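Shown here: entry-v6.cif, mmCIF, C-alpha atoms and all ligand atoms.
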data_my_file
#
loop_
_atom_site.group_PDB
_atom_site.id
_atom_site.type_symbol
_atom_site.label_atom_id
_atom_site.label_comp_id
_atom_site.auth_asym_id
_atom_site.auth_seq_id
_atom_site.Cartn_x
_atom_site.Cartn_y
_atom_site.Cartn_z
ATOM 1 C CA MET A 17 116.653 81.386 109.983
ATOM 2 C CA ALA A 18 116.802 85.163 110.401
ATOM 3 C CA SER A 19 115.865 86.283 113.866
ATOM 4 C CA SER A 20 113.711 89.370 114.208
ATOM 5 C CA THR A 21 116.510 91.087 116.137
ATOM 6 C CA GLU A 22 118.588 91.246 112.939
ATOM 7 C CA ILE A 23 115.943 93.325 111.164
ATOM 8 C CA PRO A 24 116.707 97.041 111.401
ATOM 9 C CA SER A 25 114.007 99.422 112.540
ATOM 10 C CA ILE A 26 113.271 102.930 111.317
ATOM 11 C CA ALA A 27 112.063 105.647 113.682
ATOM 12 C CA LEU A 28 108.661 107.171 112.950
ATOM 13 C CA ALA A 29 107.340 110.382 114.493
ATOM 14 C CA GLY A 30 106.189 109.923 118.093
ATOM 15 C CA ASP A 31 108.903 107.554 119.306
ATOM 16 C CA ILE A 32 107.571 104.584 117.338
ATOM 17 C CA SER A 33 109.815 102.297 115.375
ATOM 18 C CA ILE A 34 108.859 100.205 112.384
ATOM 19 C CA PRO A 35 110.734 97.050 111.350
ATOM 20 C CA GLN A 36 112.182 97.767 107.916
ATOM 21 C CA PHE A 37 111.141 94.320 106.672
ATOM 22 C CA GLY A 38 107.829 92.464 106.931
ATOM 23 C CA LEU A 39 105.183 90.376 105.156
ATOM 24 C CA GLY A 40 102.527 91.673 102.749
ATOM 25 C CA VAL A 41 99.287 89.695 102.454
ATOM 26 C CA PHE A 42 97.632 91.284 99.400
ATOM 27 C CA GLN A 43 95.969 88.547 97.307
ATOM 28 C CA VAL A 44 96.447 85.942 100.023
ATOM 29 C CA ALA A 45 93.114 84.138 100.341
ATOM 30 C CA PRO A 46 91.604 84.239 103.850
ATOM 31 C CA GLU A 47 91.819 80.451 104.110
ATOM 32 C CA GLU A 48 95.548 80.585 103.342
ATOM 33 C CA THR A 49 96.372 83.580 105.525
ATOM 34 C CA ILE A 50 96.628 81.986 108.975
ATOM 35 C CA GLU A 51 99.158 79.439 107.743
ATOM 36 C CA ASN A 52 101.048 82.040 105.690
ATOM 37 C CA VAL A 53 101.407 84.399 108.650
ATOM 38 C CA ARG A 54 102.279 81.501 110.985
ATOM 39 C CA HIS A 55 105.090 80.399 108.659
ATOM 40 C CA ALA A 56 106.316 83.983 108.405
ATOM 41 C CA ILE A 57 106.336 84.412 112.205
ATOM 42 C CA GLU A 58 108.296 81.149 112.507
ATOM 43 C CA ALA A 59 110.809 82.563 110.005
ATOM 44 C CA GLY A 60 111.274 85.716 112.140
ATOM 45 C CA TYR A 61 108.752 88.155 110.589
ATOM 46 C CA ARG A 62 107.081 90.492 113.090
ATOM 47 C CA HIS A 63 105.650 93.154 110.759
ATOM 48 C CA ILE A 64 102.495 92.380 108.747
ATOM 49 C CA ASP A 65 100.951 94.669 106.115
ATOM 50 C CA THR A 66 97.250 94.016 105.500
ATOM 51 C CA ALA A 67 94.237 96.123 104.473
ATOM 52 C CA GLU A 68 90.479 96.035 104.908
ATOM 53 C CA ALA A 69 90.290 95.547 101.128
ATOM 54 C CA TYR A 70 92.421 92.372 101.290
ATOM 55 C CA GLY A 71 89.668 90.548 103.189
ATOM 56 C CA ASN A 72 92.101 88.799 105.543
ATOM 57 C CA GLU A 73 92.420 91.058 108.597
ATOM 58 C CA ALA A 74 90.608 88.522 110.804
ATOM 59 C CA GLN A 75 93.053 85.778 109.823
ATOM 60 C CA VAL A 76 96.079 88.031 110.398
ATOM 61 C CA GLY A 77 94.772 88.715 113.916
ATOM 62 C CA GLN A 78 94.173 85.004 114.551
ATOM 63 C CA ALA A 79 97.682 84.076 113.419
ATOM 64 C CA VAL A 80 99.251 86.767 115.610
ATOM 65 C CA ARG A 81 97.322 85.535 118.661
ATOM 66 C CA ALA A 82 98.067 81.869 117.877
ATOM 67 C CA SER A 83 101.814 82.624 117.901
ATOM 68 C CA GLY A 84 101.660 82.995 121.677
ATOM 69 C CA LEU A 85 103.952 86.026 121.396
ATOM 70 C CA ASP A 86 103.048 89.294 123.031
ATOM 71 C CA ARG A 87 101.093 91.726 120.848
ATOM 72 C CA SER A 88 103.809 94.335 121.485
ATOM 73 C CA GLU A 89 106.303 92.226 119.518
ATOM 74 C CA PHE A 90 104.342 92.843 116.320
ATOM 75 C CA PHE A 91 103.948 95.781 113.987
ATOM 76 C CA ILE A 92 100.531 95.558 112.298
ATOM 77 C CA THR A 93 99.428 97.877 109.489
ATOM 78 C CA THR A 94 95.999 98.115 107.927
ATOM 79 C CA LYS A 95 94.362 100.593 105.559
ATOM 80 C CA CYS A 96 91.186 102.599 105.012
ATOM 81 C CA TRP A 97 89.583 101.645 101.690
ATOM 82 C CA ASN A 98 88.379 104.244 99.183
ATOM 83 C CA ASP A 99 84.676 103.539 99.821
ATOM 84 C CA ASP A 100 85.254 104.297 103.512
ATOM 85 C CA GLN A 101 86.765 107.727 102.953
ATOM 86 C CA GLY A 102 85.129 110.673 104.713
ATOM 87 C CA TYR A 103 85.399 111.667 108.378
ATOM 88 C CA ASP A 104 82.614 109.494 109.825
ATOM 89 C CA SER A 105 83.071 106.501 107.569
ATOM 90 C CA ALA A 106 86.853 106.398 108.059
ATOM 91 C CA THR A 107 86.352 106.523 111.825
ATOM 92 C CA ARG A 108 83.906 103.613 111.526
ATOM 93 C CA ALA A 109 86.211 101.734 109.125
ATOM 94 C CA LEU A 110 89.104 101.717 111.600
ATOM 95 C CA LYS A 111 86.801 100.376 114.312
ATOM 96 C CA THR A 112 85.612 97.661 111.922
ATOM 97 C CA SER A 113 89.216 96.749 111.089
ATOM 98 C CA LEU A 114 90.148 96.603 114.776
ATOM 99 C CA GLY A 115 87.111 94.367 115.343
ATOM 100 C CA GLN A 116 88.213 92.049 112.558
ATOM 101 C CA LEU A 117 91.801 91.975 113.794
ATOM 102 C CA GLU A 118 90.502 91.626 117.381
ATOM 103 C CA MET A 119 93.077 94.194 118.433
ATOM 104 C CA GLU A 120 92.807 97.338 120.544
ATOM 105 C CA HIS A 121 95.065 99.297 118.239
ATOM 106 C CA VAL A 122 97.012 98.971 115.015
ATOM 107 C CA ASP A 123 100.602 100.120 114.802
ATOM 108 C CA LEU A 124 99.984 101.977 111.550
ATOM 109 C CA TYR A 125 96.758 103.006 109.802
ATOM 110 C CA LEU A 126 96.918 104.284 106.232
ATOM 111 C CA ILE A 127 94.616 105.963 103.727
ATOM 112 C CA HIS A 128 94.870 103.292 101.005
ATOM 113 C CA TRP A 129 94.595 105.624 97.953
ATOM 114 C CA PRO A 130 94.042 109.369 97.600
ATOM 115 C CA ALA A 131 91.118 108.746 95.184
ATOM 116 C CA PRO A 132 91.223 112.447 94.207
ATOM 117 C CA SER A 133 87.982 112.285 92.206
ATOM 118 C CA GLN A 134 86.130 111.712 95.513
ATOM 119 C CA ASP A 135 87.923 114.681 97.113
ATOM 120 C CA ARG A 136 87.531 113.194 100.598
ATOM 121 C CA TYR A 137 91.143 112.483 101.532
ATOM 122 C CA VAL A 138 91.581 115.624 103.663
ATOM 123 C CA GLU A 139 88.580 114.885 105.920
ATOM 124 C CA THR A 140 89.695 111.243 105.999
ATOM 125 C CA TRP A 141 93.126 112.400 107.178
ATOM 126 C CA ARG A 142 91.430 114.419 109.969
ATOM 127 C CA ALA A 143 89.705 111.203 111.099
ATOM 128 C CA LEU A 144 93.069 109.407 111.209
ATOM 129 C CA ILE A 145 94.609 112.245 113.247
ATOM 130 C CA GLU A 146 91.828 111.891 115.829
ATOM 131 C CA ALA A 147 92.086 108.095 115.811
ATOM 132 C CA GLN A 148 95.770 108.380 116.603
ATOM 133 C CA GLN A 149 95.021 110.817 119.438
ATOM 134 C CA ALA A 150 92.466 108.309 120.767
ATOM 135 C CA GLY A 151 95.141 105.580 120.782
ATOM 136 C CA LEU A 152 93.521 103.433 118.084
ATOM 137 C CA ALA A 153 96.549 103.747 115.776
ATOM 138 C CA ARG A 154 100.059 104.293 117.116
ATOM 139 C CA ALA A 155 101.117 105.895 113.824
ATOM 140 C CA ILE A 156 99.172 107.163 110.811
ATOM 141 C CA GLY A 157 100.145 107.574 107.195
ATOM 142 C CA VAL A 158 99.026 107.410 103.593
ATOM 143 C CA SER A 159 99.492 105.261 100.538
ATOM 144 C CA ASN A 160 99.748 106.107 96.861
ATOM 145 C CA PHE A 161 99.822 109.850 97.598
ATOM 146 C CA GLN A 162 101.436 112.091 95.000
ATOM 147 C CA PRO A 163 103.332 115.249 96.060
ATOM 148 C CA ALA A 164 100.251 117.473 95.605
ATOM 149 C CA HIS A 165 98.132 115.191 97.837
ATOM 150 C CA LEU A 166 100.850 115.135 100.516
ATOM 151 C CA ARG A 167 101.217 118.892 100.517
ATOM 152 C CA ARG A 168 97.468 119.412 100.702
ATOM 153 C CA ILE A 169 96.894 117.258 103.817
ATOM 154 C CA ILE A 170 99.929 118.796 105.527
ATOM 155 C CA ASP A 171 98.860 122.358 104.655
ATOM 156 C CA GLU A 172 95.253 121.823 105.726
ATOM 157 C CA THR A 173 95.880 119.925 108.986
ATOM 158 C CA GLY A 174 99.463 120.686 110.031
ATOM 159 C CA VAL A 175 100.064 116.936 110.471
ATOM 160 C CA THR A 176 102.616 115.123 108.299
ATOM 161 C CA PRO A 177 101.985 111.440 107.544
ATOM 162 C CA ALA A 178 104.570 109.116 109.118
ATOM 163 C CA VAL A 179 104.830 107.088 105.903
ATOM 164 C CA ASN A 180 103.730 107.054 102.277
ATOM 165 C CA GLN A 181 103.345 103.518 100.907
ATOM 166 C CA ILE A 182 103.959 103.637 97.145
ATOM 167 C CA GLU A 183 104.650 101.294 94.261
ATOM 168 C CA LEU A 184 108.456 101.107 94.134
ATOM 169 C CA HIS A 185 110.842 98.563 92.603
ATOM 170 C CA PRO A 186 113.822 98.626 90.210
ATOM 171 C CA TYR A 187 111.530 99.332 87.219
ATOM 172 C CA LEU A 188 109.782 102.209 89.078
ATOM 173 C CA GLN A 189 112.353 103.794 91.358
ATOM 174 C CA GLN A 190 110.365 106.936 92.241
ATOM 175 C CA ALA A 191 113.441 109.124 92.778
ATOM 176 C CA GLY A 192 111.391 112.358 92.777
ATOM 177 C CA LEU A 193 108.824 111.151 95.281
ATOM 178 C CA ARG A 194 111.558 109.687 97.518
ATOM 179 C CA ARG A 195 113.296 113.084 97.531
ATOM 180 C CA GLU A 196 109.994 114.739 98.443
ATOM 181 C CA HIS A 197 109.566 112.246 101.326
ATOM 182 C CA ALA A 198 113.088 112.990 102.568
ATOM 183 C CA ASP A 199 112.355 116.737 102.506
ATOM 184 C CA LEU A 200 109.096 116.283 104.427
ATOM 185 C CA GLY A 201 110.402 113.668 106.912
ATOM 186 C CA ILE A 202 108.131 110.905 105.551
ATOM 187 C CA VAL A 203 109.329 107.279 105.564
ATOM 188 C CA THR A 204 108.996 105.501 102.205
ATOM 189 C CA GLN A 205 107.277 102.122 102.152
ATOM 190 C CA ALA A 206 107.725 100.196 98.890
ATOM 191 C CA TRP A 207 104.758 98.144 97.725
ATOM 192 C CA SER A 208 105.253 95.394 95.127
ATOM 193 C CA PRO A 209 108.971 95.571 96.031
ATOM 194 C CA LEU A 210 109.681 92.733 93.579
ATOM 195 C CA ALA A 211 107.274 94.171 90.948
ATOM 196 C CA GLN A 212 105.322 90.945 91.624
ATOM 197 C CA GLY A 213 108.307 88.988 90.276
ATOM 198 C CA LEU A 214 108.724 90.981 87.027
ATOM 199 C CA VAL A 215 112.207 92.292 87.871
ATOM 200 C CA LEU A 216 113.653 88.932 88.860
ATOM 201 C CA ASP A 217 114.880 88.001 85.371
ATOM 202 C CA ASP A 218 116.571 91.327 84.738
ATOM 203 C CA PRO A 219 120.145 90.590 83.582
ATOM 204 C CA ALA A 220 121.702 93.353 85.724
ATOM 205 C CA ILE A 221 120.015 91.894 88.806
ATOM 206 C CA THR A 222 120.720 88.225 88.033
ATOM 207 C CA SER A 223 124.408 88.965 87.408
ATOM 208 C CA ILE A 224 124.736 90.798 90.772
ATOM 209 C CA ALA A 225 122.943 87.827 92.364
ATOM 210 C CA ALA A 226 125.479 85.399 90.862
ATOM 211 C CA GLU A 227 128.375 87.537 92.213
ATOM 212 C CA HIS A 228 126.995 87.360 95.760
ATOM 213 C CA GLY A 229 125.709 83.770 95.649
ATOM 214 C CA LYS A 230 122.257 85.208 96.424
ATOM 215 C CA THR A 231 118.947 85.056 94.557
ATOM 216 C CA ALA A 232 117.597 87.887 92.408
ATOM 217 C CA ALA A 233 114.814 88.454 94.970
ATOM 218 C CA GLN A 234 117.406 88.838 97.736
ATOM 219 C CA ILE A 235 119.362 91.378 95.665
ATOM 220 C CA VAL A 236 116.247 93.461 95.011
ATOM 221 C CA LEU A 237 115.157 93.341 98.660
ATOM 222 C CA ARG A 238 118.686 94.266 99.808
ATOM 223 C CA TRP A 239 118.617 97.206 97.372
ATOM 224 C CA HIS A 240 115.396 98.451 99.033
ATOM 225 C CA ILE A 241 116.925 98.097 102.507
ATOM 226 C CA GLU A 242 120.007 100.086 101.472
ATOM 227 C CA LEU A 243 117.805 102.808 99.953
ATOM 228 C CA GLY A 244 116.077 103.097 103.355
ATOM 229 C CA ASN A 245 112.723 101.771 102.135
ATOM 230 C CA VAL A 246 110.405 99.705 104.323
ATOM 231 C CA VAL A 247 109.476 96.483 102.445
ATOM 232 C CA PHE A 248 106.997 93.636 102.947
ATOM 233 C CA PRO A 249 107.267 91.199 100.022
ATOM 234 C CA LYS A 250 104.416 88.746 99.636
ATOM 235 C CA SER A 251 105.014 85.023 99.428
ATOM 236 C CA VAL A 252 102.915 82.038 100.406
ATOM 237 C CA THR A 253 105.837 79.644 99.800
ATOM 238 C CA VAL A 254 107.697 78.701 102.986
ATOM 239 C CA GLU A 255 111.115 78.516 101.267
ATOM 240 C CA ARG A 256 110.640 81.982 99.765
ATOM 241 C CA LEU A 257 109.563 83.440 103.120
ATOM 242 C CA HIS A 258 112.935 82.305 104.482
ATOM 243 C CA GLU A 259 114.776 83.427 101.340
ATOM 244 C CA ASN A 260 113.237 86.906 101.395
ATOM 245 C CA ILE A 261 114.091 87.655 105.030
ATOM 246 C CA ASP A 262 117.665 86.421 104.578
ATOM 247 C CA VAL A 263 119.068 89.741 103.336
ATOM 248 C CA PHE A 264 120.850 91.074 106.397
ATOM 249 C CA ASP A 265 124.248 89.380 106.005
ATOM 250 C CA PHE A 266 125.611 91.128 102.887
ATOM 251 C CA GLU A 267 125.851 94.564 101.284
ATOM 252 C CA LEU A 268 125.721 95.899 97.744
ATOM 253 C CA SER A 269 128.624 97.986 96.491
ATOM 254 C CA ALA A 270 128.177 101.531 95.169
ATOM 255 C CA ASP A 271 128.773 100.150 91.676
ATOM 256 C CA GLU A 272 126.052 97.478 92.119
ATOM 257 C CA LEU A 273 123.616 100.094 93.423
ATOM 258 C CA ALA A 274 124.397 102.195 90.326
ATOM 259 C CA GLN A 275 123.778 99.190 88.044
ATOM 260 C CA ILE A 276 120.337 98.705 89.603
ATOM 261 C CA GLU A 277 119.608 102.442 89.382
ATOM 262 C CA ALA A 278 120.247 102.172 85.634
ATOM 263 C CA VAL A 279 117.422 99.628 85.023
ATOM 264 C CA ASP A 280 114.687 102.115 86.025
ATOM 265 C CA ARG A 281 111.963 102.374 83.362
ATOM 266 C CA GLY A 282 109.439 104.519 85.203
ATOM 267 C CA GLU A 283 107.027 101.622 84.616
ATOM 268 C CA ARG A 284 104.044 100.958 86.898
ATOM 269 C CA THR A 285 102.577 97.489 87.419
ATOM 270 C CA GLY A 286 99.625 98.946 89.331
ATOM 271 C CA PRO A 287 97.115 101.770 88.831
ATOM 272 C CA ASP A 288 97.878 105.478 88.420
ATOM 273 C CA PRO A 289 97.244 107.086 91.848
ATOM 274 C CA ASP A 290 95.905 110.276 90.244
ATOM 275 C CA GLU A 291 93.147 108.281 88.535
ATOM 276 C CA PHE A 292 92.394 105.201 90.630
ATOM 277 C CA THR A 293 89.224 104.965 92.701
ATOM 278 C CA ARG A 294 88.091 101.367 92.355
ATOM 279 C CA PRO A 295 89.061 98.261 90.333
HETATM 280 P P1 LIG B 1 105.647 91.626 95.482
HETATM 281 O O1 LIG B 1 106.518 92.514 94.685
HETATM 282 O O2 LIG B 1 105.911 91.428 96.926
HETATM 283 O O3 LIG B 1 105.641 90.239 94.718
HETATM 284 C C1 LIG B 1 105.030 89.092 95.250
HETATM 285 C C2 LIG B 1 105.156 87.972 94.233
HETATM 286 O O4 LIG B 1 106.531 87.811 93.867
HETATM 287 C C3 LIG B 1 104.737 86.634 94.830
HETATM 288 O O5 LIG B 1 103.360 86.428 94.625
HETATM 289 C C4 LIG B 1 105.593 85.664 94.045
HETATM 290 O O6 LIG B 1 104.976 85.370 92.822
HETATM 291 C C5 LIG B 1 106.844 86.452 93.783
HETATM 292 N N1 LIG B 1 107.915 86.157 94.764
HETATM 293 C C6 LIG B 1 107.969 86.499 96.076
HETATM 294 N N2 LIG B 1 109.122 86.100 96.629
HETATM 295 C C7 LIG B 1 109.820 85.490 95.636
HETATM 296 C C8 LIG B 1 111.080 84.879 95.589
HETATM 297 N N3 LIG B 1 111.877 84.808 96.652
HETATM 298 N N4 LIG B 1 111.481 84.341 94.394
HETATM 299 C C9 LIG B 1 110.697 84.434 93.306
HETATM 300 N N5 LIG B 1 109.495 85.009 93.289
HETATM 301 C C10 LIG B 1 109.055 85.544 94.448
HETATM 302 O O7 LIG B 1 104.139 92.124 95.216
HETATM 303 P P2 LIG B 1 102.861 92.483 96.058
HETATM 304 O O8 LIG B 1 102.289 91.332 96.782
HETATM 305 O O9 LIG B 1 101.976 93.193 95.099
HETATM 306 O O10 LIG B 1 103.384 93.569 97.099
HETATM 307 C C11 LIG B 1 103.788 93.270 98.415
HETATM 308 C C12 LIG B 1 102.847 93.873 99.419
HETATM 309 O O11 LIG B 1 102.707 95.275 99.206
HETATM 310 C C13 LIG B 1 101.411 93.368 99.304
HETATM 311 O O12 LIG B 1 101.251 92.057 99.807
HETATM 312 C C14 LIG B 1 100.691 94.430 100.093
HETATM 313 O O13 LIG B 1 100.875 94.212 101.488
HETATM 314 C C15 LIG B 1 101.411 95.679 99.635
HETATM 315 N N6 LIG B 1 100.696 96.357 98.517
HETATM 316 C C16 LIG B 1 100.143 97.572 98.766
HETATM 317 C C17 LIG B 1 99.470 98.260 97.771
HETATM 318 C C18 LIG B 1 98.880 99.597 98.062
HETATM 319 O O14 LIG B 1 98.130 100.127 97.228
HETATM 320 N N7 LIG B 1 99.175 100.179 99.190
HETATM 321 C C19 LIG B 1 99.351 97.707 96.479
HETATM 322 C C20 LIG B 1 99.934 96.470 96.243
HETATM 323 C C21 LIG B 1 100.616 95.815 97.263
#

Could you quickly redo this structure as structure tokens?
Amino acid sequence: MASSTEIPSIALAGDISIPQFGLGVFQVAPEETIENVRHAIEAGYRHIDTAEAYGNEAQVGQAVRASGLDRSEFFITTKCWNDDQGYDSATRALKTSLGQLEMEHVDLYLIHWPAPSQDRYVETWRALIEAQQAGLARAIGVSNFQPAHLRRIIDETGVTPAVNQIELHPYLQQAGLRREHADLGIVTQAWSPLAQGLVLDDPAITSIAAEHGKTAAQIVLRWHIELGNVVFPKSVTVERLHENIDVFDFELSADELAQIEAVDRGERTGPDPDEFTRP
């Protein structure tokens, strides 16, 4: 079992550190979530990525409290949904999320999508800045923002998001956006780090896995860690929860990293952030 102390942390602005590895609970049914998060905590996970839109914030909060561990041991992220964008509604949405989580603050609050057709992400960002100042979110960031959206919120408010959570996996490596993040001092969070399983049969990845005596999922997650990404793969299977966190006892060589770099296809599994507003 990996202990949480083995998981590296990355510093965010404001003297906050985020565990580089956690659990994502997108598409985990509310009735499954308490058990899923409990199993993850038992396996050493302390960082949980949820969202108002996932419908399971209440269960994440219950599982955290049921662990008996101090709240300060956890890093909890949730997100403001597109319908809640706008200064007043985003302010209300965070309070609703905190009510559902039964927590006084989240560690990270994100704008879930830019939804540019609504043109409300700048005023939403202002609401997040104030929420952070009020202590309701220790850190604030965005998700699915393209370079133009990032530059606009920074130019108009002077506040840089701590993170941008984007689709990122070996088939969509996002080199340009990662460079932009590095230039701006934004930490990259990789959503669908395993491309929902799509990359796990890739021959380059399975052959590296065989070399290390590791699984394809472990190779892909290790690749993210070495790139400096924050990851939170989803799994409701206890064995896979243990498998996925067990990536801190080996390293990939420069040649193996180059082999994975070569499988990039620029292929999304999810929506185009410039277009997406609602499913
Ligand atoms: P993922 O890449 O984590 O894939 C999860 C799926 O991969 C599982 O359902 C399972 O089928 C498979 N899997 C997991 N571990 C495995 C293993 N060891 N061996 C074989 N198969 C395995 O995809 P995801 O759930 O879409 O993304 C992870 C998290 O990212 C989400 O739970 C959510 O927290 C976040 N997310 C955010 C956004 C956003 O817009 N911000 C969008 C999607 C996901």

(request) Return as a count of residues only the set of residues that the PyMOL selection byres (((chain A and resi 276) around 12) and not hetatm) yields on the displayed structure. (result) 37

(message) Can you translate the PyMOL selection byres (((not hetatm)) within 6 of (chain B and resi 1)) into the concrete residues it hits in this file, as a list in words?
(response) Gly40, Val41, Phe42, Asp65, Thr66, His128, Ser159, Gln181, Trp207, Ser208, Pro209, Leu210, Ala211, Gln212, Gly213, Ala233, Phe248, Pro249, Lys250, Ser251, Arg256, Glu259 and Asn260 of chain A

(request) Run the PyMOL selection byres (((chain A and resi 257) around 12) and not hetatm) against the file shown and list the residues it catches, as a ChimeraX atom specification. (result) /A:17-18,37-40,52-61,233-234,248-256,258-263

Taking C-alpha atoms for each residue, export the selection above as a compact mmCIF listing (two decimals), keeping the file's coordinate frame.
# COMPACT_ATOMS: atom_id res chain seq x y z
CA MET A 17 116.65 81.39 109.98
CA ALA A 18 116.80 85.16 110.40
CA PHE A 37 111.14 94.32 106.67
CA GLY A 38 107.83 92.46 106.93
CA LEU A 39 105.18 90.38 105.16
CA GLY A 40 102.53 91.67 102.75
CA ASN A 52 101.05 82.04 105.69
CA VAL A 53 101.41 84.40 108.65
CA ARG A 54 102.28 81.50 110.98
CA HIS A 55 105.09 80.40 108.66
CA ALA A 56 106.32 83.98 108.40
CA ILE A 57 106.34 84.41 112.20
CA GLU A 58 108.30 81.15 112.51
CA ALA A 59 110.81 82.56 110.00
CA GLY A 60 111.27 85.72 112.14
CA TYR A 61 108.75 88.16 110.59
CA ALA A 233 114.81 88.45 94.97
CA GLN A 234 117.41 88.84 97.74
CA PHE A 248 107.00 93.64 102.95
CA PRO A 249 107.27 91.20 100.02
CA LYS A 250 104.42 88.75 99.64
CA SER A 251 105.01 85.02 99.43
CA VAL A 252 102.92 82.04 100.41
CA THR A 253 105.84 79.64 99.80
CA VAL A 254 107.70 78.70 102.99
CA GLU A 255 111.12 78.52 101.27
CA ARG A 256 110.64 81.98 99.76
CA HIS A 258 112.94 82.30 104.48
CA GLU A 259 114.78 83.43 101.34
CA ASN A 260 113.24 86.91 101.40
CA ILE A 261 114.09 87.66 105.03
CA ASP A 262 117.66 86.42 104.58
CA VAL A 263 119.07 89.74 103.34

(request) Write out as a ChimeraX atom specification which residues come within 8 Å of range 43-47 of chain A when counting all atoms listed in the file, dropping same-chain ones fewer than 3 positions away. (result) /A:50,70-72,75,252

Show me, as CSV, the residues of range 159-179 of chain A having an atom within 9 Å of range 139-154 of chain A, each with the closest atom pair and its distance in Å, using all atoms listed in the file.
residue,atom,partner,partner_atom,distance
A:Ile169,CA,A:Trp141,CA,7.0
A:Thr173,CA,A:Arg142,CA,7.1
A:Val175,CA,A:Ile145,CA,7.7
A:Pro177,CA,A:Trp141,CA,8.9

(request) Have a look at A:Asp265, A:Ile170, A:Thr204, A:Asp123 and name the one nearest to Ser33 in chain A; count all atoms listed in the file. (result) A:Asp123

Give me the range 49-68 of chain A side of the contact with range 86-107 of chain A, cut-off 8 Å, one line per residue showing its nearest atom pair and distance in Å at one decimal, counting all atoms listed in the file, sorted by chain and residue number, as a tab-separated table.
residue	atom	partner	partner_atom	distance
A:Arg62	CA	A:Phe90	CA	4.8
A:His63	CA	A:Phe91	CA	4.5
A:Ile64	CA	A:Ile92	CA	5.2
A:Asp65	CA	A:Thr93	CA	4.9
A:Thr66	CA	A:Thr94	CA	4.9
A:Ala67	CA	A:Thr94	CA	4.4
A:Glu68	CA	A:Lys95	CA	6.0
